[in-house]
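> My questions will all concern the structure given below.
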Amino acid sequence: MLWDSLLIPALVVLGSASDGLARPADGAHQSRAGAACTDPVVRKEWRALSSEQQSSYIDAVKCMQSTPGKTAEIYSGVKSLYDDFQALHISQTDNIHWVGFFLPWHRYFLWLYEQELKTGCKYAGGVPYWNWTLDADTNAKFLGSPVFDPVHGFGGNGKYVRDTGSNTNRRLSSSSGLGQHIAMAADDPSATGGGCISDGPFANYQVSMGPGNSTKYNPHCLVRDVNPSFARSMLGRAENVQLLAQPDFWHFTRRVEGATLGNSCHSAGHGAVGGRAGELTHDGGLKDWDARRSDIGGPDTQFAYPYNYFGTSPAYKNVTLDFEMNLGQIGGMKKISQAMDTMGGEFCYTYE
Ligand SMILES: [Cu+2]
């Protein structure tokens with residue numbers, strides 16, 4: 001299982017430093033459509049990076065957060081390049097989850113973010129990812145994950161806030177079903193934080209938009225609410241084995257998102273870290289490659305069959321490889337077929 005971690009609105013994105021990755025100066029590793037991808041960018045697990053590489057990545061994220069964005073005329077909340085991506089995700093939130101293109105959309109989204117790190121913040125290399133199965137064995141281990149390290153990571157938990165039942169810090173106050181879904185976990189009595197974070201490189205970061213689906217400017221502190229019990233339930237090795245045992249893409253993506261809006265590694269990624277807001281995506285591997293690269297399935301409409309979250313008959317079609325995904329002003333329209341191969345089309349990256 002290859003994991004990449006993208007924590008969009010209020011958290012931080014794991015991406016990478018490339019100091020240790022020798023790349024041709026001419027950028028030949030970048031695949032253009034039709035060009036062979038012979039020297040892919042390597043996305044590495046956070047703890048596989050040197051401390052210099054970790055710092056280099058954190059610096060690049062801070063650069064994204066302090067460089068003017070490109071979509072401020074469309075979204076009043078956009079103040080930075082980082083906000084461009086928050087706004088893009090917010091604007092698409094109710095279209096891109098519990099659909100057949102959940103994973104390819106987020107794959108493209110993360111790749112666009114990786115490209116902006118390079119072009120906007122002089123950063124080369126791949127976004128790091130978080131293999132949370134290494135941390136989800138025990139509560140102590142999860143709370144002590146290197147990802148939360150205040151010096152060599154993204155900083156730790158928010159201050160503890162008692163859940164009074166109306167505390168918005170403990171509830172992802174979204175109007176969508178997704179928000180309600182995550183709130184189930186965020187109300188868990190084993191939640192340990194919920195308040196503004198107070199350490200690490202993003203302690204004073206002001207989140208520009210949200211909570212929920214608003215793209216209006218609403219600066220507020222960055223909140224985390226680490227929930228190790230929730231993490232252990234869906235982010236451990238046992239669930240990973242189950243994910244990889246799925247027979248095809250459709251079964252796999254349903255399990256990633258939660259087939260009946262129950263817990264899943266997707267919701268656990270939100271609920272075990274974010275509290276009020278957070279986002280995680282995954283690149284998965286199932287069958288042999290030839291079968292996998294053309295295997296897609298699921299509805300084009302959020303919460304349509306088999307989820308039927310709002311009833312049994314929303315109008316929908318099943319997606320095919322020709323389905324066009326909306327990556328907004330940053331990425332435009334992309335066919336699912338363009339997102340099936342991390343070393344084909346515009347993509348040229350791999351994981352280790
Ligand atoms: Cu998402």
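Ligands are numbered from 1 in the order shown, chains are lettered A, B, ... in the order of the structure tokens, and residues start at 1 in each chain.
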Using only C-alpha atoms, which protein or nucleic acid residues come within 7 Å of range 147-152 of chain A? Drop anything in the same chain fewer than 3 positions from it, and give the result as JSON, numbers by chain.

{"A": [46, 51, 54, 55, 144, 155, 156, 199, 200, 201]}

> For the structure I just gave you, how does DSSP split range 100-239 of chain A - specifically, which residues are helix (DSSP H, G or I)? Reply as a PyMOL selection string.

chain A and resi 102-121+132-134+139-143+146-148+168-170+177-186+228-234+237-239

> Check the smallest atom-to-atom distance from each of A:Met209, A:Val223, A:Ala191, A:Leu235 to Thr138 in chain A using only C-alpha atoms, then report the winner.

A:Leu235

> Would you please give, as an mmCIF file with C-alpha atoms, in the first residue's frame, all residues of range 56-293 of chain A that DSSP assigns to strand (DSSP E) based on the backbone?


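Final file, selection29.cif:
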```cif
data_model
loop_
_atom_site.group_PDB
_atom_site.id
_atom_site.type_symbol
_atom_site.label_atom_id
_atom_site.label_comp_id
_atom_site.auth_asym_id
_atom_site.auth_seq_id
_atom_site.Cartn_x
_atom_site.Cartn_y
_atom_site.Cartn_z
ATOM 1 C CA GLY A 158 -4.256 21.124 19.838
ATOM 2 C CA LYS A 159 -4.786 22.069 23.452
ATOM 3 C CA TYR A 160 -7.354 19.873 25.115
ATOM 4 C CA GLY A 194 -9.503 20.129 19.916
ATOM 5 C CA GLY A 195 -7.986 23.550 20.473
ATOM 6 C CA CYS A 196 -5.510 25.701 18.607
ATOM 7 C CA ILE A 197 -2.149 24.059 18.129
ATOM 8 C CA GLN A 206 -3.948 31.436 10.299
ATOM 9 C CA VAL A 207 -6.291 29.243 8.281
ATOM 10 C CA HIS A 220 -8.798 31.389 12.429
ATOM 11 C CA CYS A 221 -6.266 29.332 14.262
ATOM 12 C CA THR A 281 -6.028 10.540 0.073
ATOM 13 C CA HIS A 282 -4.471 7.317 -0.921
ATOM 14 C CA ASP A 283 -2.882 5.626 -3.867
#
```

> When distances are computed from only C-alpha atoms, which of A:Thr93, A:Asn131, A:Gly153, A:Asn213 shows the smallest separation from Cys265 in chain A?

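Closest to Cys265 in chain A of all the choices is A:Asn131.
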
> What are the closest atom pairs, with distances in Å to one decimal, for all residues of range 290-310 of chain A lying within 9 Å of range 329-346 of chain A? Consider only C-alpha atoms, order rows by chain and residue number, and present the result as a Markdown table.


```
| residue | atom | partner | partner_atom | distance |
| --- | --- | --- | --- | --- |
| A:Arg292 | CA | A:Met340 | CA | 8.4 |
| A:Arg293 | CA | A:Met340 | CA | 5.5 |
| A:Ser294 | CA | A:Met340 | CA | 7.1 |
| A:Asp295 | CA | A:Met340 | CA | 8.7 |
| A:Ile296 | CA | A:Ile336 | CA | 8.5 |
```

> Restricting it to N, CA and C atoms, dump the selection as an mmCIF file, in the first residue's frame.


```cif
data_model
loop_
_atom_site.group_PDB
_atom_site.id
_atom_site.type_symbol
_atom_site.label_atom_id
_atom_site.label_comp_id
_atom_site.auth_asym_id
_atom_site.auth_seq_id
_atom_site.Cartn_x
_atom_site.Cartn_y
_atom_site.Cartn_z
ATOM 1 N N ARG A 292 -5.078 -3.307 -13.462
ATOM 2 C CA ARG A 292 -5.354 -2.202 -12.552
ATOM 3 C C ARG A 292 -5.444 -0.854 -13.269
ATOM 4 N N ARG A 293 -4.613 -0.679 -14.279
ATOM 5 C CA ARG A 293 -4.525 0.635 -14.899
ATOM 6 C C ARG A 293 -5.796 1.015 -15.658
ATOM 7 N N SER A 294 -6.668 0.055 -15.890
ATOM 8 C CA SER A 294 -7.927 0.385 -16.564
ATOM 9 C C SER A 294 -9.145 0.076 -15.698
ATOM 10 N N ASP A 295 -8.899 -0.250 -14.450
ATOM 11 C CA ASP A 295 -9.995 -0.660 -13.567
ATOM 12 C C ASP A 295 -10.548 0.547 -12.810
ATOM 13 N N ILE A 296 -11.786 0.923 -13.140
ATOM 14 C CA ILE A 296 -12.424 2.056 -12.463
ATOM 15 C C ILE A 296 -13.884 1.698 -12.216
#
```

> Which residue out of A:Ala245, A:Ala304, A:Val41, A:Leu88 has the minimum interatomic distance to ligand 1 when only C-alpha atoms and all ligand atoms are used?

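The shortest atom-to-atom distance to ligand 1 comes from A:Leu88.
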
> Considering only C-alpha atoms, return as a VMD selection string whatever protein or nucleic-acid residues lie within 10 Å of Val226 in chain A, sequence-local ones (same chain, fewer than 5 positions apart) excluded.

chain A and resid 139 142 to 143 148 156 to 158 160 186 190 to 194 231 270 to 275

> Using only C-alpha atoms and all ligand atoms, which residue out of A:Asp84, A:His266, A:Arg237, A:Asn204 lies closest to ligand 1?

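Residue with the minimum atom-to-atom distance to ligand 1: A:His266.
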
> Find the residue from A:Ser267, A:Ser229, A:Thr38, A:Thr71 that sits nearest to ligand 1; use only C-alpha atoms and all ligand atoms when measuring.

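Smallest separation from ligand 1 among the options: A:Ser267.
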
> Of the candidates A:Lys141, A:Lys44, A:Arg224, A:His97, which one gets nearest to ligand 1 if we count only C-alpha atoms and all ligand atoms?

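The closest residue to ligand 1 is A:His97.
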